[in-house]
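Source file protein33.cif; content: mmCIF, N, CA and C atoms and all ligand atoms.
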```cif
data_final
#
loop_
_atom_site.group_PDB
_atom_site.id
_atom_site.type_symbol
_atom_site.label_atom_id
_atom_site.label_comp_id
_atom_site.auth_asym_id
_atom_site.auth_seq_id
_atom_site.Cartn_x
_atom_site.Cartn_y
_atom_site.Cartn_z
ATOM 1 N N MET S 1 3.293 14.129 16.696
ATOM 2 C CA MET S 1 3.277 13.670 15.317
ATOM 3 C C MET S 1 1.904 13.949 14.719
ATOM 4 N N GLU S 2 1.889 14.556 13.571
ATOM 5 C CA GLU S 2 0.623 14.863 12.920
ATOM 6 C C GLU S 2 0.366 13.883 11.778
ATOM 7 N N ILE S 3 -0.795 13.239 11.813
ATOM 8 C CA ILE S 3 -1.160 12.293 10.757
ATOM 9 C C ILE S 3 -1.838 13.085 9.641
ATOM 10 N N PRO S 4 -1.411 12.914 8.373
ATOM 11 C CA PRO S 4 -2.046 13.648 7.267
ATOM 12 C C PRO S 4 -3.556 13.378 7.241
ATOM 13 N N SER S 5 -4.339 14.389 6.937
ATOM 14 C CA SER S 5 -5.798 14.256 6.966
ATOM 15 C C SER S 5 -6.304 13.242 5.942
ATOM 16 N N ASP S 6 -5.538 13.019 4.882
ATOM 17 C CA ASP S 6 -5.982 12.050 3.870
ATOM 18 C C ASP S 6 -5.323 10.681 4.036
ATOM 19 N N ALA S 7 -4.767 10.412 5.221
ATOM 20 C CA ALA S 7 -4.210 9.084 5.493
ATOM 21 C C ALA S 7 -5.345 8.063 5.559
ATOM 22 N N GLU S 8 -5.033 6.865 5.165
ATOM 23 C CA GLU S 8 -5.996 5.757 5.227
ATOM 24 C C GLU S 8 -5.757 4.975 6.511
ATOM 25 N N LYS S 9 -6.816 4.700 7.241
ATOM 26 C CA LYS S 9 -6.703 3.878 8.440
ATOM 27 C C LYS S 9 -7.049 2.445 8.052
ATOM 28 N N ILE S 10 -6.129 1.536 8.310
ATOM 29 C CA ILE S 10 -6.353 0.140 7.940
ATOM 30 C C ILE S 10 -6.123 -0.750 9.157
ATOM 31 N N THR S 11 -6.880 -1.819 9.216
ATOM 32 C CA THR S 11 -6.699 -2.800 10.282
ATOM 33 C C THR S 11 -6.144 -4.072 9.676
ATOM 34 N N LEU S 12 -5.024 -4.529 10.211
ATOM 35 C CA LEU S 12 -4.347 -5.709 9.699
ATOM 36 C C LEU S 12 -4.423 -6.816 10.746
ATOM 37 N N ARG S 13 -4.581 -8.013 10.286
ATOM 38 C CA ARG S 13 -4.703 -9.171 11.168
ATOM 39 C C ARG S 13 -3.368 -9.899 11.296
ATOM 40 N N ALA S 14 -3.138 -10.441 12.453
ATOM 41 C CA ALA S 14 -1.887 -11.155 12.720
ATOM 42 C C ALA S 14 -1.701 -12.320 11.761
ATOM 43 N N ASN S 15 -0.455 -12.538 11.410
ATOM 44 C CA ASN S 15 -0.038 -13.706 10.633
ATOM 45 C C ASN S 15 -0.631 -13.764 9.227
ATOM 46 N N LYS S 16 -0.957 -12.602 8.664
ATOM 47 C CA LYS S 16 -1.366 -12.507 7.271
ATOM 48 C C LYS S 16 -0.379 -11.621 6.553
ATOM 49 N N LYS S 17 -0.345 -11.731 5.244
ATOM 50 C CA LYS S 17 0.545 -10.894 4.426
ATOM 51 C C LYS S 17 -0.289 -9.812 3.750
ATOM 52 N N TYR S 18 0.205 -8.587 3.822
ATOM 53 C CA TYR S 18 -0.459 -7.459 3.176
ATOM 54 C C TYR S 18 0.518 -6.782 2.237
ATOM 55 N N LYS S 19 0.007 -6.301 1.113
ATOM 56 C CA LYS S 19 0.841 -5.587 0.147
ATOM 57 C C LYS S 19 0.264 -4.177 -0.005
ATOM 58 N N ILE S 20 1.070 -3.194 0.339
ATOM 59 C CA ILE S 20 0.651 -1.797 0.264
ATOM 60 C C ILE S 20 1.218 -1.183 -1.008
ATOM 61 N N CYS S 21 0.364 -0.449 -1.719
ATOM 62 C CA CYS S 21 0.764 0.178 -2.983
ATOM 63 C C CYS S 21 1.722 1.343 -2.730
ATOM 64 N N THR S 22 2.764 1.411 -3.500
ATOM 65 C CA THR S 22 3.692 2.545 -3.446
ATOM 66 C C THR S 22 3.658 3.363 -4.731
ATOM 67 N N CYS S 23 2.976 2.852 -5.763
ATOM 68 C CA CYS S 23 3.031 3.534 -7.071
ATOM 69 C C CYS S 23 1.853 4.466 -7.312
ATOM 70 N N GLY S 24 0.724 4.209 -6.676
ATOM 71 C CA GLY S 24 -0.452 5.053 -6.847
ATOM 72 C C GLY S 24 -1.412 4.605 -7.931
ATOM 73 N N SER S 25 -1.119 3.562 -8.673
ATOM 74 C CA SER S 25 -2.006 3.158 -9.771
ATOM 75 C C SER S 25 -2.985 2.052 -9.385
ATOM 76 N N SER S 26 -2.908 1.554 -8.174
ATOM 77 C CA SER S 26 -3.814 0.483 -7.746
ATOM 78 C C SER S 26 -5.263 0.977 -7.718
ATOM 79 N N LYS S 27 -6.177 0.104 -8.072
ATOM 80 C CA LYS S 27 -7.603 0.418 -7.977
ATOM 81 C C LYS S 27 -8.151 0.017 -6.608
ATOM 82 N N THR S 28 -7.304 -0.536 -5.759
ATOM 83 C CA THR S 28 -7.734 -0.963 -4.428
ATOM 84 C C THR S 28 -6.887 -0.289 -3.346
ATOM 85 N N LEU S 29 -6.494 0.965 -3.578
ATOM 86 C CA LEU S 29 -5.664 1.695 -2.607
ATOM 87 C C LEU S 29 -6.271 1.632 -1.208
ATOM 88 N N PRO S 30 -5.456 1.487 -0.194
ATOM 89 C CA PRO S 30 -4.001 1.560 -0.205
ATOM 90 C C PRO S 30 -3.315 0.232 -0.524
ATOM 91 N N TYR S 31 -4.094 -0.763 -0.892
ATOM 92 C CA TYR S 31 -3.499 -2.078 -1.156
ATOM 93 C C TYR S 31 -3.052 -2.182 -2.613
ATOM 94 N N CYS S 32 -2.032 -2.948 -2.827
ATOM 95 C CA CYS S 32 -1.498 -3.193 -4.165
ATOM 96 C C CYS S 32 -2.390 -4.199 -4.906
ATOM 97 N N ASP S 33 -2.705 -3.912 -6.164
ATOM 98 C CA ASP S 33 -3.432 -4.881 -7.002
ATOM 99 C C ASP S 33 -2.571 -5.316 -8.196
ATOM 100 N N ASN S 34 -1.292 -5.104 -8.088
ATOM 101 C CA ASN S 34 -0.297 -5.461 -9.111
ATOM 102 C C ASN S 34 -0.348 -4.575 -10.359
ATOM 103 N N SER S 35 -1.080 -3.453 -10.302
ATOM 104 C CA SER S 35 -1.076 -2.507 -11.418
ATOM 105 C C SER S 35 0.315 -1.933 -11.661
ATOM 106 N N HIS S 36 1.185 -1.988 -10.647
ATOM 107 C CA HIS S 36 2.540 -1.442 -10.815
ATOM 108 C C HIS S 36 3.291 -2.170 -11.936
ATOM 109 N N ARG S 37 2.916 -3.383 -12.217
ATOM 110 C CA ARG S 37 3.613 -4.127 -13.280
ATOM 111 C C ARG S 37 3.413 -3.459 -14.632
ATOM 112 N N ASP S 38 2.177 -3.080 -14.940
ATOM 113 C CA ASP S 38 1.903 -2.362 -16.203
ATOM 114 C C ASP S 38 2.566 -0.997 -16.195
ATOM 115 N N LEU S 39 2.488 -0.303 -15.045
ATOM 116 C CA LEU S 39 3.094 1.024 -14.931
ATOM 117 C C LEU S 39 4.601 0.933 -15.173
ATOM 118 N N ASN S 40 5.246 -0.022 -14.539
ATOM 119 C CA ASN S 40 6.692 -0.189 -14.708
ATOM 120 C C ASN S 40 7.037 -0.481 -16.169
ATOM 121 N N GLU S 41 6.224 -1.278 -16.809
ATOM 122 C CA GLU S 41 6.457 -1.624 -18.224
ATOM 123 C C GLU S 41 6.334 -0.379 -19.112
ATOM 124 N N LYS S 42 5.301 0.433 -18.855
ATOM 125 C CA LYS S 42 5.050 1.615 -19.688
ATOM 126 C C LYS S 42 6.012 2.751 -19.396
ATOM 127 N N LYS S 43 6.349 2.958 -18.127
ATOM 128 C CA LYS S 43 7.131 4.139 -17.732
ATOM 129 C C LYS S 43 8.596 3.843 -17.432
ATOM 130 N N GLY S 44 8.978 2.584 -17.433
ATOM 131 C CA GLY S 44 10.363 2.248 -17.119
ATOM 132 C C GLY S 44 10.708 2.443 -15.657
ATOM 133 N N THR S 45 9.691 2.381 -14.810
ATOM 134 C CA THR S 45 9.911 2.527 -13.366
ATOM 135 C C THR S 45 10.098 1.141 -12.737
ATOM 136 N N SER S 46 10.358 1.126 -11.445
ATOM 137 C CA SER S 46 10.585 -0.166 -10.774
ATOM 138 C C SER S 46 9.812 -0.240 -9.452
ATOM 139 N N TYR S 47 8.571 0.239 -9.485
ATOM 140 C CA TYR S 47 7.751 0.174 -8.270
ATOM 141 C C TYR S 47 7.511 -1.265 -7.850
ATOM 142 N N LYS S 48 7.507 -1.453 -6.555
ATOM 143 C CA LYS S 48 7.119 -2.730 -5.960
ATOM 144 C C LYS S 48 6.278 -2.400 -4.729
ATOM 145 N N SER S 49 5.436 -3.321 -4.326
ATOM 146 C CA SER S 49 4.612 -3.077 -3.140
ATOM 147 C C SER S 49 5.454 -3.179 -1.872
ATOM 148 N N LEU S 50 4.923 -2.575 -0.816
ATOM 149 C CA LEU S 50 5.504 -2.716 0.520
ATOM 150 C C LEU S 50 4.790 -3.888 1.193
ATOM 151 N N LYS S 51 5.543 -4.900 1.574
ATOM 152 C CA LYS S 51 4.943 -6.078 2.207
ATOM 153 C C LYS S 51 4.953 -5.917 3.727
ATOM 154 N N ILE S 52 3.829 -6.245 4.332
ATOM 155 C CA ILE S 52 3.714 -6.169 5.795
ATOM 156 C C ILE S 52 3.224 -7.524 6.306
ATOM 157 N N PHE S 53 3.892 -8.003 7.350
ATOM 158 C CA PHE S 53 3.556 -9.289 7.979
ATOM 159 C C PHE S 53 3.330 -9.040 9.472
ATOM 160 N N PRO S 54 2.135 -8.617 9.867
ATOM 161 C CA PRO S 54 1.905 -8.282 11.275
ATOM 162 C C PRO S 54 1.987 -9.525 12.172
ATOM 163 N N SER S 55 2.635 -9.386 13.305
ATOM 164 C CA SER S 55 2.713 -10.491 14.262
ATOM 165 C C SER S 55 1.558 -10.421 15.261
ATOM 166 N N GLU S 56 0.824 -9.314 15.209
ATOM 167 C CA GLU S 56 -0.384 -9.186 16.017
ATOM 168 C C GLU S 56 -1.355 -8.282 15.272
ATOM 169 N N ASP S 57 -2.631 -8.331 15.648
ATOM 170 C CA ASP S 57 -3.615 -7.448 15.020
ATOM 171 C C ASP S 57 -3.206 -6.004 15.288
ATOM 172 N N ILE S 58 -3.324 -5.170 14.265
ATOM 173 C CA ILE S 58 -2.878 -3.785 14.436
ATOM 174 C C ILE S 58 -3.679 -2.863 13.509
ATOM 175 N N THR S 59 -3.914 -1.658 13.956
ATOM 176 C CA THR S 59 -4.527 -0.625 13.128
ATOM 177 C C THR S 59 -3.466 0.430 12.849
ATOM 178 N N LEU S 60 -3.330 0.773 11.584
ATOM 179 C CA LEU S 60 -2.316 1.721 11.148
ATOM 180 C C LEU S 60 -2.951 2.824 10.322
ATOM 181 N N SER S 61 -2.324 3.974 10.310
ATOM 182 C CA SER S 61 -2.662 5.022 9.354
ATOM 183 C C SER S 61 -1.549 5.043 8.318
ATOM 184 N N VAL S 62 -1.917 4.939 7.053
ATOM 185 C CA VAL S 62 -0.920 4.903 5.981
ATOM 186 C C VAL S 62 -1.208 6.009 4.977
ATOM 187 N N PHE S 63 -0.141 6.500 4.366
ATOM 188 C CA PHE S 63 -0.270 7.631 3.460
ATOM 189 C C PHE S 63 0.888 7.617 2.478
ATOM 190 N N SER S 64 0.627 7.963 1.243
ATOM 191 C CA SER S 64 1.680 8.168 0.252
ATOM 192 C C SER S 64 1.264 9.305 -0.669
ATOM 193 N N LYS S 65 2.197 10.169 -0.979
ATOM 194 C CA LYS S 65 1.894 11.247 -1.931
ATOM 195 C C LYS S 65 1.638 10.704 -3.323
ATOM 196 N N ASN S 66 2.062 9.484 -3.597
ATOM 197 C CA ASN S 66 1.812 8.874 -4.912
ATOM 198 C C ASN S 66 0.365 8.448 -5.089
ATOM 199 N N TRP S 67 -0.452 8.473 -4.035
ATOM 200 C CA TRP S 67 -1.822 8.005 -4.142
ATOM 201 C C TRP S 67 -2.783 9.070 -4.653
ATOM 202 N N LYS S 68 -2.284 10.279 -4.885
ATOM 203 C CA LYS S 68 -3.177 11.362 -5.332
ATOM 204 C C LYS S 68 -3.381 11.329 -6.825
HETATM 205 S S1 LIG S 101 -0.272 -1.426 -7.604
HETATM 206 FE FE1 LIG S 101 0.993 0.114 -6.751
HETATM 207 S S2 LIG S 101 2.635 -0.973 -5.912
HETATM 208 FE FE2 LIG S 101 1.394 -2.500 -6.743
#
```

Could the structure of this file be written out as C-alpha cells, please?
Amino acid sequence: MEIPSDAEKITLRANKKYKICTCGSSKTLPYCDNSHRDLNEKKGTSYKSLKIFPSEDITLSVFSKNWK
C-alpha cells in the first residue's frame, strides 16, 4: 500500500472525539472547524465531518483530494 506523499500524519488519543474535514475548507486541516456549514449554505452541498472515536492511542495517515 502506498501512502500519498501529501498525507497528513496525525496522532489520536484514546477515548476522545475527533472530526476530520471532508470538504477542504477548514482552516485547521485535516481537522474540521465547521467551515463546511458556510460552504454547504453557499454551494448547496451537504458536507459533514468524519467522526473518529479511537479506543486506543493511534497514529494515522489521512488524505483527501478535497484538501488541495
Ligand atoms: S470544515 Fe470541512 S468538513 Fe467541516

Report task. May I have the residues at most 8 Å from (-5.0, 6.1, -6.3) in the file's coordinates, counting only C-alpha atoms, as a PyMOL selection string? Result -> chain S and resi 24-30+66-68

Could you tell me, counting only C-alpha atoms and all ligand atoms, which protein and nucleic acid residues lie no more than 10 Å from ligand LIG 101 (chain S), written as a PDB file with N, CA and C atoms, in the frame of the given file?
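The resulting file, selection.pdb, is shown below:
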```
ATOM      1  N   LYS S  19       0.007  -6.301   1.113  1.00  0.00           N
ATOM      2  CA  LYS S  19       0.841  -5.587   0.147  1.00  0.00           C
ATOM      3  C   LYS S  19       0.264  -4.177  -0.005  1.00  0.00           C
ATOM      4  N   ILE S  20       1.070  -3.194   0.339  1.00  0.00           N
ATOM      5  CA  ILE S  20       0.651  -1.797   0.264  1.00  0.00           C
ATOM      6  C   ILE S  20       1.218  -1.183  -1.008  1.00  0.00           C
ATOM      7  N   CYS S  21       0.364  -0.449  -1.719  1.00  0.00           N
ATOM      8  CA  CYS S  21       0.764   0.178  -2.983  1.00  0.00           C
ATOM      9  C   CYS S  21       1.722   1.343  -2.730  1.00  0.00           C
ATOM     10  N   THR S  22       2.764   1.411  -3.500  1.00  0.00           N
ATOM     11  CA  THR S  22       3.692   2.545  -3.446  1.00  0.00           C
ATOM     12  C   THR S  22       3.658   3.363  -4.731  1.00  0.00           C
ATOM     13  N   CYS S  23       2.976   2.852  -5.763  1.00  0.00           N
ATOM     14  CA  CYS S  23       3.031   3.534  -7.071  1.00  0.00           C
ATOM     15  C   CYS S  23       1.853   4.466  -7.312  1.00  0.00           C
ATOM     16  N   GLY S  24       0.724   4.209  -6.676  1.00  0.00           N
ATOM     17  CA  GLY S  24      -0.452   5.053  -6.847  1.00  0.00           C
ATOM     18  C   GLY S  24      -1.412   4.605  -7.931  1.00  0.00           C
ATOM     19  N   SER S  25      -1.119   3.562  -8.673  1.00  0.00           N
ATOM     20  CA  SER S  25      -2.006   3.158  -9.771  1.00  0.00           C
ATOM     21  C   SER S  25      -2.985   2.052  -9.385  1.00  0.00           C
ATOM     22  N   SER S  26      -2.908   1.554  -8.174  1.00  0.00           N
ATOM     23  CA  SER S  26      -3.814   0.483  -7.746  1.00  0.00           C
ATOM     24  C   SER S  26      -5.263   0.977  -7.718  1.00  0.00           C
ATOM     25  N   LYS S  27      -6.177   0.104  -8.072  1.00  0.00           N
ATOM     26  CA  LYS S  27      -7.603   0.418  -7.977  1.00  0.00           C
ATOM     27  C   LYS S  27      -8.151   0.017  -6.608  1.00  0.00           C
ATOM     28  N   THR S  28      -7.304  -0.536  -5.759  1.00  0.00           N
ATOM     29  CA  THR S  28      -7.734  -0.963  -4.428  1.00  0.00           C
ATOM     30  C   THR S  28      -6.887  -0.289  -3.346  1.00  0.00           C
ATOM     31  N   LEU S  29      -6.494   0.965  -3.578  1.00  0.00           N
ATOM     32  CA  LEU S  29      -5.664   1.695  -2.607  1.00  0.00           C
ATOM     33  C   LEU S  29      -6.271   1.632  -1.208  1.00  0.00           C
ATOM     34  N   PRO S  30      -5.456   1.487  -0.194  1.00  0.00           N
ATOM     35  CA  PRO S  30      -4.001   1.560  -0.205  1.00  0.00           C
ATOM     36  C   PRO S  30      -3.315   0.232  -0.524  1.00  0.00           C
ATOM     37  N   TYR S  31      -4.094  -0.763  -0.892  1.00  0.00           N
ATOM     38  CA  TYR S  31      -3.499  -2.078  -1.156  1.00  0.00           C
ATOM     39  C   TYR S  31      -3.052  -2.182  -2.613  1.00  0.00           C
ATOM     40  N   CYS S  32      -2.032  -2.948  -2.827  1.00  0.00           N
ATOM     41  CA  CYS S  32      -1.498  -3.193  -4.165  1.00  0.00           C
ATOM     42  C   CYS S  32      -2.390  -4.199  -4.906  1.00  0.00           C
ATOM     43  N   ASP S  33      -2.705  -3.912  -6.164  1.00  0.00           N
ATOM     44  CA  ASP S  33      -3.432  -4.881  -7.002  1.00  0.00           C
ATOM     45  C   ASP S  33      -2.571  -5.316  -8.196  1.00  0.00           C
ATOM     46  N   ASN S  34      -1.292  -5.104  -8.088  1.00  0.00           N
ATOM     47  CA  ASN S  34      -0.297  -5.461  -9.111  1.00  0.00           C
ATOM     48  C   ASN S  34      -0.348  -4.575 -10.359  1.00  0.00           C
ATOM     49  N   SER S  35      -1.080  -3.453 -10.302  1.00  0.00           N
ATOM     50  CA  SER S  35      -1.076  -2.507 -11.418  1.00  0.00           C
ATOM     51  C   SER S  35       0.315  -1.933 -11.661  1.00  0.00           C
ATOM     52  N   HIS S  36       1.185  -1.988 -10.647  1.00  0.00           N
ATOM     53  CA  HIS S  36       2.540  -1.442 -10.815  1.00  0.00           C
ATOM     54  C   HIS S  36       3.291  -2.170 -11.936  1.00  0.00           C
ATOM     55  N   ARG S  37       2.916  -3.383 -12.217  1.00  0.00           N
ATOM     56  CA  ARG S  37       3.613  -4.127 -13.280  1.00  0.00           C
ATOM     57  C   ARG S  37       3.413  -3.459 -14.632  1.00  0.00           C
ATOM     58  N   ASP S  38       2.177  -3.080 -14.940  1.00  0.00           N
ATOM     59  CA  ASP S  38       1.903  -2.362 -16.203  1.00  0.00           C
ATOM     60  C   ASP S  38       2.566  -0.997 -16.195  1.00  0.00           C
ATOM     61  N   LEU S  39       2.488  -0.303 -15.045  1.00  0.00           N
ATOM     62  CA  LEU S  39       3.094   1.024 -14.931  1.00  0.00           C
ATOM     63  C   LEU S  39       4.601   0.933 -15.173  1.00  0.00           C
ATOM     64  N   ASN S  40       5.246  -0.022 -14.539  1.00  0.00           N
ATOM     65  CA  ASN S  40       6.692  -0.189 -14.708  1.00  0.00           C
ATOM     66  C   ASN S  40       7.037  -0.481 -16.169  1.00  0.00           C
ATOM     67  N   SER S  46      10.358   1.126 -11.445  1.00  0.00           N
ATOM     68  CA  SER S  46      10.585  -0.166 -10.774  1.00  0.00           C
ATOM     69  C   SER S  46       9.812  -0.240  -9.452  1.00  0.00           C
ATOM     70  N   TYR S  47       8.571   0.239  -9.485  1.00  0.00           N
ATOM     71  CA  TYR S  47       7.751   0.174  -8.270  1.00  0.00           C
ATOM     72  C   TYR S  47       7.511  -1.265  -7.850  1.00  0.00           C
ATOM     73  N   LYS S  48       7.507  -1.453  -6.555  1.00  0.00           N
ATOM     74  CA  LYS S  48       7.119  -2.730  -5.960  1.00  0.00           C
ATOM     75  C   LYS S  48       6.278  -2.400  -4.729  1.00  0.00           C
ATOM     76  N   SER S  49       5.436  -3.321  -4.326  1.00  0.00           N
ATOM     77  CA  SER S  49       4.612  -3.077  -3.140  1.00  0.00           C
ATOM     78  C   SER S  49       5.454  -3.179  -1.872  1.00  0.00           C
ATOM     79  N   LEU S  50       4.923  -2.575  -0.816  1.00  0.00           N
ATOM     80  CA  LEU S  50       5.504  -2.716   0.520  1.00  0.00           C
ATOM     81  C   LEU S  50       4.790  -3.888   1.193  1.00  0.00           C
ATOM     82  N   LYS S  51       5.543  -4.900   1.574  1.00  0.00           N
ATOM     83  CA  LYS S  51       4.943  -6.078   2.207  1.00  0.00           C
ATOM     84  C   LYS S  51       4.953  -5.917   3.727  1.00  0.00           C
ATOM     85  N   ASN S  66       2.062   9.484  -3.597  1.00  0.00           N
ATOM     86  CA  ASN S  66       1.812   8.874  -4.912  1.00  0.00           C
ATOM     87  C   ASN S  66       0.365   8.448  -5.089  1.00  0.00           C
ATOM     88  N   TRP S  67      -0.452   8.473  -4.035  1.00  0.00           N
ATOM     89  CA  TRP S  67      -1.822   8.005  -4.142  1.00  0.00           C
ATOM     90  C   TRP S  67      -2.783   9.070  -4.653  1.00  0.00           C
TER      91      TRP S  67
END
```

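Minimum atom-to-atom distances from S:Val62, S:Lys42, S:Asp57, S:Ile52 to Ala7 of chain S were compared using all atoms listed in the file, and the lowest value belongs to S:Val62.
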
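Secondary structure from DSSP on the backbone puts strand (DSSP E or B) at the following positions of segment 13-59 of chain S: Tyr18, Lys19, Ile20, Tyr31, Leu50, Lys51, Ile52, Ile58 and Thr59 of chain S.
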
**Report entry** Interatomic distance (Å, one decimal) between atom C of Thr11 of chain S and atom N of Glu41 of chain S
**Finding:**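 If I compute the distance from atom C of Thr11 of chain S to atom N of Glu41 of chain S, I get 29.4 Å.
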
Requested in this report: Find the residues near Ile58 of chain S: any atom within 8 Å, counting all atoms listed in the file, skip ones fewer than 2 places away on the same chain, and give them as JSON, numbers by chain.
Outcome: {"S": [10, 11, 12, 13, 14, 54, 55, 56, 60, 61]}

Query - Residue list (alpha helix (DSSP H), DSSP) for chain S, as a PyMOL selection string - result: chain S and resi 36-43

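Distance-wise, atom CA of Asp6 of chain S and atom CA of Lys65 of chain S end up 9.8 Å apart.
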
Query raised in the report: What's the 6.5 Å shell around Phe53 of chain S, counting only N, CA and C atoms, without same-chain residues fewer than 4 positions away, as a list in words?
Result: Ala14, Asn15, Lys16, Lys17 and Tyr18 of chain S

Requested in this report: Could you check how far atom CA of Phe63 of chain S sits from atom N of Lys43 of chain S, in Å to one decimal?
Outcome: 23.1 Å

Box centre and edge lengths (Å, one decimal), axis-aligned, segment 17-23 of chain S plus 6 Å each side, as lines of an AutoDock Vina configuration file:
```
center_x = 1.6
center_y = -3.6
center_z = -1.0
size_x = 16.2
size_y = 28.2
size_z = 24.6
```
